[in-house]
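Below is target-v2.txt, which holds compact mmCIF, C-alpha atoms.
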```txt
# COMPACT_ATOMS: atom_id res chain seq x y z
CA MET A 1 -49.39 -45.39 -80.02
CA LYS A 2 -46.30 -47.40 -80.82
CA SER A 3 -44.39 -44.18 -81.43
CA VAL A 4 -45.51 -42.76 -78.08
CA PHE A 5 -44.35 -45.93 -76.32
CA LYS A 6 -41.04 -45.78 -78.16
CA ALA A 7 -40.65 -42.09 -77.34
CA THR A 8 -41.32 -42.75 -73.65
CA LEU A 9 -38.91 -45.66 -73.61
CA PHE A 10 -36.27 -43.58 -75.31
CA LEU A 11 -36.77 -40.75 -72.84
CA VAL A 12 -36.34 -43.14 -69.92
CA VAL A 13 -33.19 -44.66 -71.41
CA TRP A 14 -31.80 -41.23 -72.19
CA GLN A 15 -32.53 -40.08 -68.66
CA LEU A 16 -30.65 -43.05 -67.24
CA CYS A 17 -27.74 -42.27 -69.55
CA LEU A 18 -27.80 -38.67 -68.37
CA ILE A 19 -27.74 -39.73 -64.76
CA LEU A 20 -24.68 -41.78 -65.44
CA MET A 21 -23.01 -39.31 -67.74
CA LEU A 22 -23.70 -35.83 -66.46
CA ASN A 23 -21.66 -34.70 -63.57
CA VAL A 24 -24.13 -34.47 -60.74
CA SER A 25 -22.01 -36.12 -58.15
CA CYS A 26 -22.96 -35.53 -54.55
CA GLU A 27 -19.36 -34.69 -53.95
CA ALA A 28 -19.47 -31.83 -56.43
CA THR A 29 -18.06 -28.87 -54.58
CA THR A 30 -17.06 -26.38 -57.16
CA ALA A 31 -16.79 -22.75 -56.25
CA LEU A 32 -20.27 -22.07 -57.50
CA ASP A 33 -21.79 -25.03 -55.71
CA ARG A 34 -20.11 -24.02 -52.52
CA SER A 35 -21.84 -20.69 -52.73
CA GLY A 36 -24.86 -22.39 -51.23
CA THR A 37 -27.01 -23.58 -54.05
CA SER A 38 -25.69 -27.08 -54.11
CA LEU A 39 -27.61 -29.83 -52.43
CA VAL A 40 -24.41 -30.64 -50.63
CA THR A 41 -25.92 -28.74 -47.74
CA LYS A 42 -29.58 -28.68 -48.68
CA GLN A 43 -29.88 -32.44 -48.82
CA ARG A 44 -28.27 -32.88 -45.48
CA ARG A 45 -25.47 -34.76 -47.07
CA PRO A 46 -23.12 -35.97 -44.38
CA ILE A 47 -19.46 -35.23 -44.35
CA VAL A 48 -16.56 -37.44 -43.56
CA THR A 49 -14.62 -36.17 -40.63
CA GLY A 50 -11.81 -37.26 -38.38
CA THR A 51 -8.11 -37.69 -38.74
CA LYS A 52 -6.46 -37.57 -42.10
CA SER A 53 -5.82 -41.28 -42.34
CA LYS A 54 -9.32 -42.21 -41.22
CA ARG A 55 -10.89 -39.62 -43.43
CA LEU A 56 -9.71 -41.45 -46.48
CA ALA A 57 -11.10 -44.72 -45.12
CA PRO A 58 -14.17 -43.80 -43.10
CA ASP A 59 -15.84 -46.17 -40.72
CA THR A 60 -18.73 -47.45 -42.77
CA ASN A 61 -21.61 -49.92 -42.67
CA VAL A 62 -22.70 -48.61 -39.29
CA ILE A 63 -25.91 -46.86 -38.33
CA HIS A 64 -25.21 -45.24 -35.04
CA VAL A 65 -27.39 -42.89 -33.05
CA ARG A 66 -25.75 -41.24 -30.11
CA ASN A 67 -27.58 -39.15 -27.55
CA SER A 68 -25.37 -36.25 -26.95
CA GLN A 69 -26.05 -34.13 -23.93
CA ASN A 70 -23.38 -31.75 -25.01
CA ALA A 71 -24.77 -31.46 -28.45
CA LYS A 72 -26.43 -28.22 -29.29
CA ARG A 73 -30.22 -28.24 -29.20
CA ASN A 74 -30.28 -27.20 -32.75
CA THR A 75 -33.24 -28.58 -34.64
CA SER A 76 -31.70 -27.69 -37.94
CA ALA A 77 -30.85 -30.95 -39.57
CA VAL A 78 -28.39 -29.24 -41.82
CA ALA A 79 -26.04 -28.57 -38.97
CA MET A 80 -23.08 -30.81 -39.18
CA GLU A 81 -20.35 -31.44 -36.71
CA GLU A 82 -16.97 -32.96 -36.72
CA LYS A 83 -16.97 -35.77 -34.19
CA GLY A 84 -14.97 -38.87 -34.74
CA PRO A 85 -14.20 -40.60 -37.96
CA ARG A 86 -17.78 -41.61 -38.70
CA ILE A 87 -20.03 -39.97 -41.21
CA CYS A 88 -22.27 -37.94 -38.98
CA HIS A 89 -24.63 -35.02 -38.75
CA GLN A 90 -26.89 -33.59 -36.10
CA ARG A 91 -30.62 -34.05 -35.83
CA GLY A 92 -32.69 -32.70 -32.98
CA GLY A 93 -29.83 -32.70 -30.55
CA ALA A 94 -28.65 -36.19 -31.41
CA THR A 95 -25.66 -36.99 -33.50
CA VAL A 96 -26.52 -39.45 -36.20
CA SER A 97 -24.02 -41.53 -38.05
CA VAL A 98 -25.24 -42.99 -41.25
CA SER A 99 -23.98 -45.82 -43.36
CA ASP A 100 -22.73 -45.64 -46.90
CA THR A 101 -26.03 -47.11 -48.05
CA ASN A 102 -27.95 -44.06 -46.94
CA VAL A 103 -25.46 -41.80 -48.61
CA TRP A 104 -25.65 -43.85 -51.75
CA ILE A 105 -29.47 -43.74 -51.80
CA SER A 106 -29.46 -40.02 -51.17
CA ALA A 107 -27.00 -39.47 -54.00
CA LEU A 108 -29.03 -41.71 -56.32
CA LEU A 109 -32.24 -39.82 -55.59
CA HIS A 110 -30.43 -36.58 -56.24
CA ARG A 111 -29.16 -37.88 -59.55
CA LEU A 112 -32.61 -39.15 -60.50
CA LYS A 113 -34.12 -35.76 -59.75
CA ILE A 114 -31.60 -33.96 -61.92
CA GLY A 115 -31.99 -36.57 -64.64
CA PHE A 116 -35.72 -35.95 -64.55
CA TYR A 117 -35.18 -32.19 -64.87
CA PHE A 118 -32.96 -32.68 -67.89
CA ALA A 119 -35.39 -35.13 -69.52
CA LEU A 120 -38.30 -32.76 -68.95
CA TRP A 121 -36.25 -29.87 -70.29
CA TYR A 122 -35.46 -31.81 -73.47
CA ALA A 123 -39.08 -32.88 -73.89
CA LEU A 124 -40.34 -29.32 -73.47
CA ASN A 125 -37.74 -28.14 -75.93
CA VAL A 126 -39.07 -30.56 -78.55
CA ALA A 127 -42.57 -29.31 -77.75
CA TYR A 128 -41.43 -25.70 -78.11
CA ASN A 129 -39.83 -26.39 -81.47
CA SER A 130 -43.00 -28.14 -82.58
CA THR A 131 -45.13 -25.15 -81.69
CA PHE A 132 -42.79 -22.74 -83.35
CA PRO A 133 -42.87 -23.38 -87.11
CA PHE A 134 -39.87 -21.21 -87.90
CA ILE A 135 -37.50 -23.51 -86.07
CA PHE A 136 -38.59 -26.59 -87.96
CA SER A 137 -35.73 -28.48 -89.50
CA PRO A 138 -34.94 -32.14 -90.10
CA LEU A 139 -32.42 -31.99 -87.27
CA ILE A 140 -34.37 -30.39 -84.50
CA CYS A 141 -37.93 -31.31 -85.27
CA PRO A 142 -38.32 -35.06 -85.56
CA ILE A 143 -42.08 -34.95 -85.10
CA SER A 144 -42.75 -32.71 -88.07
CA THR A 145 -40.18 -34.54 -90.18
CA SER A 146 -41.81 -37.82 -89.37
CA MET B 1 -42.05 -17.24 -87.47
CA ASN B 2 -41.68 -18.17 -91.11
CA ILE B 3 -45.35 -17.19 -91.16
CA ILE B 4 -44.66 -13.93 -89.29
CA PRO B 5 -41.13 -12.83 -90.22
CA ALA B 6 -40.73 -10.50 -87.23
CA PRO B 7 -38.38 -12.32 -84.83
CA LEU B 8 -38.04 -9.53 -82.29
CA SER B 9 -41.76 -8.92 -81.98
CA VAL B 10 -42.54 -12.63 -81.68
CA ALA B 11 -39.83 -13.06 -79.04
CA THR B 12 -41.15 -10.08 -77.10
CA ILE B 13 -44.69 -11.43 -77.20
CA GLN B 14 -43.38 -14.76 -75.91
CA PHE B 15 -41.60 -13.01 -73.06
CA PHE B 16 -44.78 -11.21 -72.09
CA ILE B 17 -46.81 -14.41 -72.21
CA GLY B 18 -44.29 -16.01 -69.86
CA ALA B 19 -44.25 -12.93 -67.65
CA LEU B 20 -48.05 -12.90 -67.42
CA TYR B 21 -48.04 -16.59 -66.57
CA ALA B 22 -45.53 -15.97 -63.76
CA GLY B 23 -47.50 -12.94 -62.59
CA SER B 24 -50.76 -14.90 -62.47
CA ILE B 25 -49.07 -17.59 -60.36
CA TRP B 26 -47.97 -14.93 -57.88
CA ILE B 27 -51.39 -13.27 -57.83
CA LEU B 28 -53.11 -16.60 -57.20
CA LYS B 29 -50.56 -17.24 -54.44
CA LEU B 30 -49.56 -20.57 -55.93
CA ARG B 31 -46.02 -19.46 -55.28
CA PRO B 32 -44.77 -16.89 -52.78
CA THR B 33 -44.36 -13.44 -54.28
CA PRO B 34 -40.67 -12.59 -54.48
CA LYS B 35 -39.36 -9.82 -52.26
CA LEU B 36 -36.20 -8.16 -53.44
CA THR B 37 -33.96 -5.35 -52.29
CA SER B 38 -33.08 -2.66 -54.82
CA LYS B 39 -29.65 -4.23 -55.20
CA GLY B 40 -31.25 -7.59 -55.82
CA MET B 41 -33.54 -6.03 -58.41
CA ASN B 42 -30.52 -4.58 -60.20
CA GLU B 43 -28.84 -7.95 -60.23
CA LEU B 44 -31.89 -9.69 -61.66
CA ALA B 45 -32.42 -6.88 -64.18
CA LYS B 46 -28.95 -7.71 -65.46
CA VAL B 47 -29.91 -11.38 -65.81
CA GLY B 48 -33.11 -10.32 -67.56
CA PHE B 49 -31.08 -8.25 -70.01
CA TYR B 50 -28.87 -11.26 -70.80
CA HIS B 51 -31.91 -13.51 -71.17
CA SER B 52 -33.60 -11.12 -73.53
CA THR B 53 -30.54 -10.33 -75.68
CA GLY B 54 -29.63 -14.02 -75.87
CA GLN B 55 -33.07 -14.97 -77.07
CA LEU B 56 -33.36 -12.08 -79.53
CA ALA B 57 -29.91 -12.82 -80.93
CA THR B 58 -30.82 -16.49 -81.41
CA MET B 59 -33.98 -15.49 -83.23
CA ILE B 60 -32.10 -13.15 -85.55
CA SER B 61 -29.40 -15.74 -86.19
CA MET B 62 -31.95 -18.37 -87.20
CA ASN B 63 -33.84 -15.85 -89.28
CA VAL B 64 -30.89 -14.65 -91.37
CA GLY B 65 -28.89 -17.84 -91.83
CA PRO B 66 -29.28 -21.59 -92.14
CA ILE B 67 -30.64 -23.12 -88.93
CA SER B 68 -28.01 -25.87 -88.89
CA PHE B 69 -25.31 -23.19 -89.00
CA THR B 70 -26.82 -21.52 -85.92
CA HIS B 71 -26.76 -24.90 -84.18
CA ILE B 72 -23.07 -25.35 -84.98
CA VAL B 73 -22.19 -21.99 -83.46
CA LYS B 74 -24.53 -22.54 -80.51
CA ALA B 75 -22.72 -25.79 -79.75
CA LEU B 76 -19.84 -23.65 -78.50
CA GLU B 77 -21.86 -22.61 -75.45
CA PRO B 78 -19.91 -24.76 -72.93
CA PHE B 79 -16.72 -22.86 -73.79
CA PHE B 80 -18.45 -19.56 -73.16
CA SER B 81 -19.89 -20.79 -69.87
CA ALA B 82 -16.48 -22.05 -68.76
CA VAL B 83 -14.76 -18.75 -69.56
CA VAL B 84 -17.51 -16.57 -68.11
CA SER B 85 -17.78 -18.55 -64.87
CA ALA B 86 -14.01 -18.42 -64.51
CA VAL B 87 -13.85 -14.68 -65.20
CA VAL B 88 -16.81 -13.78 -62.98
CA PHE B 89 -15.91 -16.01 -60.03
CA GLY B 90 -12.18 -16.24 -60.60
CA GLU B 91 -12.25 -20.00 -60.18
CA TRP B 92 -10.78 -22.06 -62.97
CA MET B 93 -11.28 -25.74 -63.49
CA LYS B 94 -8.44 -28.05 -64.30
CA PRO B 95 -7.18 -27.73 -67.90
CA GLN B 96 -8.01 -31.40 -68.38
CA VAL B 97 -11.68 -30.66 -67.71
CA TYR B 98 -11.68 -27.83 -70.25
CA ALA B 99 -10.00 -30.15 -72.74
CA THR B 100 -12.91 -32.58 -72.48
CA LEU B 101 -15.25 -29.87 -73.78
CA ILE B 102 -13.50 -30.06 -77.17
CA PRO B 103 -15.05 -33.40 -78.24
CA VAL B 104 -18.46 -32.27 -76.93
CA VAL B 105 -18.45 -29.06 -78.91
CA GLY B 106 -16.63 -30.50 -81.92
CA GLY B 107 -18.84 -33.58 -82.12
CA VAL B 108 -22.09 -31.68 -81.96
CA ALA B 109 -20.88 -29.04 -84.40
CA TYR B 110 -19.78 -31.79 -86.82
CA ALA B 111 -23.15 -33.53 -86.48
CA CYS B 112 -24.97 -30.29 -87.23
CA ALA B 113 -22.70 -29.25 -90.10
CA GLN B 114 -24.99 -29.98 -93.00
CA GLU B 115 -24.90 -26.67 -94.77
CA LYS B 116 -21.79 -24.98 -95.99
CA HIS B 117 -23.40 -21.59 -96.27
CA PHE B 118 -21.81 -18.96 -94.05
CA SER B 119 -23.49 -15.79 -92.88
CA TRP B 120 -21.57 -13.22 -90.86
CA LEU B 121 -24.72 -11.78 -89.33
CA SER B 122 -25.93 -15.24 -88.34
CA PHE B 123 -22.49 -16.05 -86.91
CA THR B 124 -22.13 -12.86 -84.86
CA THR B 125 -25.66 -13.02 -83.47
CA ALA B 126 -25.26 -16.71 -82.56
CA MET B 127 -21.96 -15.90 -80.82
CA SER B 128 -23.63 -13.00 -79.02
CA SER B 129 -26.39 -15.30 -77.86
CA ASN B 130 -23.77 -17.77 -76.57
CA LEU B 131 -22.16 -15.02 -74.54
CA ALA B 132 -25.50 -13.70 -73.28
CA PHE B 133 -26.73 -17.15 -72.25
CA ALA B 134 -23.45 -17.95 -70.53
CA LEU B 135 -23.67 -14.71 -68.56
CA ARG B 136 -27.31 -15.45 -67.78
CA ALA B 137 -26.47 -18.91 -66.41
CA VAL B 138 -23.53 -17.74 -64.32
CA TYR B 139 -25.27 -14.70 -62.83
CA SER B 140 -28.44 -16.72 -62.23
CA LYS B 141 -26.41 -19.31 -60.38
CA HIS B 142 -24.90 -16.57 -58.29
CA ALA B 143 -28.35 -15.14 -57.59
CA MET B 144 -29.56 -18.57 -56.46
CA SER B 145 -26.82 -18.85 -53.89
CA SER B 146 -27.84 -18.49 -50.26
CA SER B 147 -24.81 -16.30 -49.65
CA ASN B 148 -26.41 -13.62 -51.79
CA LYS B 149 -28.11 -11.43 -49.20
CA ASP B 150 -29.94 -9.28 -51.74
CA ILE B 151 -31.86 -12.18 -53.25
CA LYS B 152 -32.79 -14.36 -50.35
CA ASP B 153 -35.37 -17.12 -50.26
CA LEU B 154 -36.01 -16.93 -53.98
CA SER B 155 -36.57 -20.33 -55.56
CA SER B 156 -35.11 -21.04 -58.99
CA THR B 157 -38.56 -21.02 -60.59
CA ASN B 158 -39.49 -17.71 -58.95
CA LEU B 159 -36.15 -16.32 -59.99
CA PHE B 160 -36.88 -17.17 -63.60
CA GLY B 161 -40.28 -15.50 -63.29
CA VAL B 162 -38.63 -12.24 -62.22
CA VAL B 163 -36.00 -12.60 -64.93
CA THR B 164 -38.73 -13.07 -67.55
CA TRP B 165 -40.44 -9.86 -66.46
CA PHE B 166 -37.20 -7.95 -66.86
CA ALA B 167 -36.51 -9.65 -70.21
CA ALA B 168 -39.96 -8.64 -71.46
CA LEU B 169 -39.45 -5.04 -70.39
CA VAL B 170 -36.01 -4.92 -72.01
CA SER B 171 -37.09 -6.46 -75.31
CA LEU B 172 -40.23 -4.33 -75.72
CA PRO B 173 -38.49 -1.06 -76.72
CA ILE B 174 -36.07 -2.96 -78.97
CA ALA B 175 -38.91 -4.68 -80.80
CA LEU B 176 -40.90 -1.45 -81.08
CA LEU B 177 -37.90 0.42 -82.40
CA LEU B 178 -36.84 -2.14 -85.00
CA GLU B 179 -40.10 -3.82 -85.98
CA GLY B 180 -42.78 -1.63 -84.48
CA THR B 181 -44.20 -0.27 -87.71
CA SER B 182 -43.83 -3.42 -89.75
CA PHE B 183 -45.39 -5.91 -87.35
CA ILE B 184 -49.07 -5.17 -88.03
CA PRO B 185 -48.74 -5.34 -91.86
CA LEU B 186 -46.73 -8.57 -91.45
CA TRP B 187 -49.41 -10.01 -89.18
CA LYS B 188 -52.15 -9.14 -91.68
CA ALA B 189 -50.12 -10.67 -94.50
CA ALA B 190 -49.58 -13.79 -92.41
CA VAL B 191 -53.32 -14.18 -91.88
CA GLU B 192 -53.93 -13.83 -95.62
CA THR B 193 -51.15 -16.04 -96.91
CA SER B 194 -50.86 -18.79 -94.30
CA GLY B 195 -54.44 -19.95 -94.56
CA LYS B 196 -54.80 -19.72 -90.79
CA THR B 197 -57.37 -17.69 -88.95
CA VAL B 198 -56.41 -14.90 -86.53
CA ARG B 199 -57.55 -17.09 -83.65
CA GLN B 200 -55.33 -19.97 -84.79
CA LEU B 201 -52.33 -17.69 -85.11
CA ILE B 202 -52.89 -16.14 -81.69
CA THR B 203 -53.29 -19.61 -80.16
CA ALA B 204 -50.04 -20.76 -81.78
CA VAL B 205 -48.13 -17.75 -80.45
CA VAL B 206 -49.62 -18.09 -76.95
CA ILE B 207 -48.84 -21.82 -76.77
CA SER B 208 -45.31 -21.30 -78.02
CA GLY B 209 -44.82 -18.54 -75.44
CA LEU B 210 -46.06 -20.75 -72.63
CA VAL B 211 -43.96 -23.73 -73.68
CA HIS B 212 -40.95 -21.46 -74.08
CA TYR B 213 -41.43 -20.22 -70.53
CA LEU B 214 -41.91 -23.71 -69.07
CA ASN B 215 -38.92 -25.00 -71.02
CA ASN B 216 -36.69 -22.34 -69.50
CA GLU B 217 -38.21 -22.74 -66.06
CA VAL B 218 -37.27 -26.41 -66.01
CA MET B 219 -33.82 -25.42 -67.26
CA TYR B 220 -33.53 -23.16 -64.20
CA LEU B 221 -34.53 -26.07 -61.97
CA ALA B 222 -31.68 -28.04 -63.51
CA LEU B 223 -29.33 -25.08 -63.15
CA SER B 224 -30.07 -24.84 -59.45
CA ASN B 225 -28.58 -28.31 -59.06
CA VAL B 226 -25.62 -28.28 -61.42
CA HIS B 227 -22.69 -26.11 -62.44
CA PRO B 228 -23.36 -23.67 -65.33
CA VAL B 229 -20.81 -25.46 -67.50
CA THR B 230 -22.60 -28.77 -66.90
CA LEU B 231 -25.85 -27.09 -67.89
CA ALA B 232 -24.23 -25.77 -71.06
CA VAL B 233 -22.98 -29.28 -71.86
CA GLY B 234 -26.52 -30.54 -71.31
CA ASN B 235 -27.83 -27.82 -73.61
CA THR B 236 -25.38 -28.81 -76.31
CA MET B 237 -26.28 -32.45 -75.91
CA LYS B 238 -29.93 -31.51 -76.32
CA ARG B 239 -29.22 -31.17 -80.03
CA VAL B 240 -27.82 -34.69 -80.16
CA PHE B 241 -30.74 -35.96 -78.08
CA ILE B 242 -33.22 -34.72 -80.66
CA LEU B 243 -31.14 -36.18 -83.46
CA VAL B 244 -30.86 -39.60 -81.79
CA ALA B 245 -34.52 -39.53 -80.77
CA SER B 246 -35.57 -38.85 -84.34
CA VAL B 247 -33.57 -41.86 -85.48
CA MET B 248 -34.66 -44.27 -82.77
CA VAL B 249 -38.29 -43.28 -82.40
CA PHE B 250 -39.26 -42.12 -85.85
CA GLN B 251 -36.71 -44.08 -87.92
CA ASN B 252 -35.58 -40.91 -89.62
CA PRO B 253 -32.55 -41.46 -91.80
CA ILE B 254 -29.28 -40.15 -90.41
CA SER B 255 -26.14 -39.31 -92.29
CA VAL B 256 -22.81 -40.92 -91.43
CA GLN B 257 -21.50 -37.48 -90.53
CA ALA B 258 -24.32 -36.86 -88.04
CA ALA B 259 -23.85 -40.32 -86.51
CA ILE B 260 -20.10 -39.84 -86.07
CA GLY B 261 -20.57 -36.34 -84.65
CA SER B 262 -23.23 -37.53 -82.21
CA ALA B 263 -21.07 -40.43 -81.03
CA ILE B 264 -18.14 -38.09 -80.44
CA GLY B 265 -20.40 -35.65 -78.58
CA ILE B 266 -21.86 -38.34 -76.31
CA GLY B 267 -18.40 -39.74 -75.64
CA GLY B 268 -17.22 -36.22 -74.87
CA VAL B 269 -19.94 -35.74 -72.26
CA LEU B 270 -18.95 -38.99 -70.59
CA LEU B 271 -15.33 -37.89 -70.59
CA TYR B 272 -16.26 -34.45 -69.21
CA SER B 273 -18.28 -36.04 -66.44
CA ILE B 274 -15.59 -38.50 -65.39
CA THR B 275 -12.81 -35.90 -65.53
CA LYS B 276 -14.76 -33.24 -63.63
CA ASP B 277 -15.85 -35.72 -60.99
CA TYR B 278 -12.32 -37.06 -60.61
CA TYR B 279 -10.68 -33.65 -60.14
CA GLU B 280 -13.40 -32.48 -57.76
CA LYS B 281 -12.75 -35.50 -55.58
CA VAL B 282 -9.01 -34.89 -55.73
CA ILE B 283 -9.46 -31.23 -54.76
CA LYS B 284 -11.82 -32.17 -51.94
CA LEU B 285 -9.38 -34.70 -50.54
CA HIS B 286 -6.58 -32.12 -50.71
CA GLU B 287 -8.75 -29.56 -48.92
CA GLU B 288 -9.64 -32.03 -46.19
CA ALA B 289 -6.05 -33.05 -45.83
CA SER B 290 -4.89 -29.47 -45.44
CA ALA B 291 -7.73 -28.55 -43.03
```

Will you turn the file into structure tokens for me?
Amino acid sequence: MKSVFKATLFLVVWQLCLILMLNVSCEATTALDRSGTSLVTKQRRPIVTGTKSKRLAPDTNVIHVRNSQNAKRNTSAVAMEEKGPRICHQRGGATVSVSDTNVWISALLHRLKIGFYFALWYALNVAYNSTFPFIFSPLICPISTS
Amino acid sequence: MNIIPAPLSVATIQFFIGALYAGSIWILKLRPTPKLTSKGMNELAKVGFYHSTGQLATMISMNVGPISFTHIVKALEPFFSAVVSAVVFGEWMKPQVYATLIPVVGGVAYACAQEKHFSWLSFTTAMSSNLAFALRAVYSKHAMSSSNKDIKDLSSTNLFGVVTWFAALVSLPIALLLEGTSFIPLWKAAVETSGKTVRQLITAVVISGLVHYLNNEVMYLALSNVHPVTLAVGNTMKRVFILVASVMVFQNPISVQAAIGSAIGIGGVLLYSITKDYYEKVIKLHEEASA
């Protein structure tokens, strides 16, 4: 029981380390990510728009909802538009500006999800090695060694 | 497999168990059945081939040489992923990012380097599996992309299900050709010598096949969210994870060499992450500035 608790605790700590260490930044826009699989678009992550100088220092700490008659009646929340220096995207015909806090929470949730995937992957790998006697070794099979 | 020394047959059986699991999920409509164009099928067949050859090569490598040696060679996977993704997509990362892979690979290889025995067959098969798995990751990532019109609306888990079917079909003739006649005598010998009943052996193989499938399915979920090189780094660090877990949870003794290698590997991952993140931000700012 103590070992199970320790194992769980270790898994949680390792997951947190992974979240911090592995590169799962919401800003990750490598060529492969840009090909559409990244959550950059799927998670409705807003983009910073506006002039060059403002882009580097976006207007933050503001939650601003603007009814836009000219805005397209596009219900797709993924649709983004470049309007002003604020972080904004379009939802149901309204342009929504979100604060850095929302972006930060969204990025954190994304990181947690990936951290969970990695932790589960590692745990299943240990389970696989445990069910597969050939692969037993002191290095990769702590359970049998113990 | 030390009970049944037929790596290809065991791997093929595992593939089929995974494929049947995926098939049953589709039949029960727990997941939407994938619909692919013929071009999409060809693309996934290629991924299935890489998946199958990678797995079979790993099995052979572990069967013919020391397991720790296979782990050393397998630690090179991030390099393969980096090269393959660059060659296939023509997009290179900054040299500084590639440089950070050196401590990751070196550290893990050093931590695993317990045996000095060298086997050419084990080395070549482990290298082949590195190449096959790198190709699998890169082409899978491409298949997951929404820009790919031939494989649309296919989730990462469904994608892996299709890939497993192809892998099973590819590995079947190979296993039959190389181990077909010897498998049944080996199975009978295993039942006699291992002290296990036929039912116990079948259960062990089925469970290992299922866990193998689930393990890779979760890996695909991770791959759908990260770059293939990041996944390869995560795969390399998996070896250190198990080593550190064995020390922390089970108080297993660890050699100084393994501790140093693990520390270097973990530090390398941190360095890789920071460097990659930094250069991606720099590139993004440059792109926005030039837009």

Please, which residues of chain B lie no more than 8 Å from chain A when the count uses all atoms listed in the file, and can they be set out as number ranges by chain? B: 1-3, 62, 67-68, 89, 91, 112, 141-142, 144-147, 204-205, 207-208, 211-212, 214-216, 218-219, 221-222, 224-227, 230, 234, 238-239, 241-243, 245-246, 248-250, 252, 269-270, 272-274, 276-277, 280-281, 284-285, 288-289

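Omitting Pro78 in chain B and its sequence neighbours fewer than 4 positions away, and counting only C-alpha atoms, the residues within 6 Å are Val229, Ala232 and Val233 of chain B.
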
Pick from B:Gln55, B:Gln96, B:Thr37, B:Gln14, whichever lies nearest to Thr275 in chain B using all atoms listed in the file: B:Gln96

Can you measure CA of Ser129 in chain B to CA of Ala57 in chain B for me? One decimal in Å is fine.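 Those two atoms sit 5.3 Å apart.
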
Could you check which residues have any atom within 12 Å of (-38.9, -21.7, -54.9), counting all atoms listed in the file with coordinates taken straight from the file, and then list them as number ranges by chain? B: 26, 30-34, 144, 151-162, 217, 220-221, 224

Generate a file of the selected residues that holds C-alpha atoms, formatted as a PDB file, keeping the file's coordinate frame.
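Output saved as result32.pdb:
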```
ATOM      1  CA  TRP B  26     -47.970 -14.930 -57.880  1.00  0.00           C
ATOM      2  CA  LEU B  30     -49.560 -20.570 -55.930  1.00  0.00           C
ATOM      3  CA  ARG B  31     -46.020 -19.460 -55.280  1.00  0.00           C
ATOM      4  CA  PRO B  32     -44.770 -16.890 -52.780  1.00  0.00           C
ATOM      5  CA  THR B  33     -44.360 -13.440 -54.280  1.00  0.00           C
ATOM      6  CA  PRO B  34     -40.670 -12.590 -54.480  1.00  0.00           C
ATOM      7  CA  MET B 144     -29.560 -18.570 -56.460  1.00  0.00           C
ATOM      8  CA  ILE B 151     -31.860 -12.180 -53.250  1.00  0.00           C
ATOM      9  CA  LYS B 152     -32.790 -14.360 -50.350  1.00  0.00           C
ATOM     10  CA  ASP B 153     -35.370 -17.120 -50.260  1.00  0.00           C
ATOM     11  CA  LEU B 154     -36.010 -16.930 -53.980  1.00  0.00           C
ATOM     12  CA  SER B 155     -36.570 -20.330 -55.560  1.00  0.00           C
ATOM     13  CA  SER B 156     -35.110 -21.040 -58.990  1.00  0.00           C
ATOM     14  CA  THR B 157     -38.560 -21.020 -60.590  1.00  0.00           C
ATOM     15  CA  ASN B 158     -39.490 -17.710 -58.950  1.00  0.00           C
ATOM     16  CA  LEU B 159     -36.150 -16.320 -59.990  1.00  0.00           C
ATOM     17  CA  PHE B 160     -36.880 -17.170 -63.600  1.00  0.00           C
ATOM     18  CA  GLY B 161     -40.280 -15.500 -63.290  1.00  0.00           C
ATOM     19  CA  VAL B 162     -38.630 -12.240 -62.220  1.00  0.00           C
ATOM     20  CA  GLU B 217     -38.210 -22.740 -66.060  1.00  0.00           C
ATOM     21  CA  TYR B 220     -33.530 -23.160 -64.200  1.00  0.00           C
ATOM     22  CA  LEU B 221     -34.530 -26.070 -61.970  1.00  0.00           C
ATOM     23  CA  SER B 224     -30.070 -24.840 -59.450  1.00  0.00           C
TER      24      SER B 224
END
```

Rounded to one decimal place, report the CA of Ala6 in chain B-CA of Ala45 in chain B distance in Å.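 Straight-line distance from CA of Ala6 in chain B to CA of Ala45 in chain B works out to 24.8 Å.
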
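Between CA of Leu76 in chain B and CA of Val138 in chain B the separation is 15.8 Å.
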
Place a sphere of radius 12 Å on (-25.8, -24.3, -82.3) in the file coordinates and name every protein, DNA or RNA residue with an atom inside or on its surface, counting all atoms listed in the file; give the answer as a PyMOL selection string. (chain A and resi 139-140) or (chain B and resi 58+61-62+65-78+105-113+122-123+125-130+232-233+235-240)
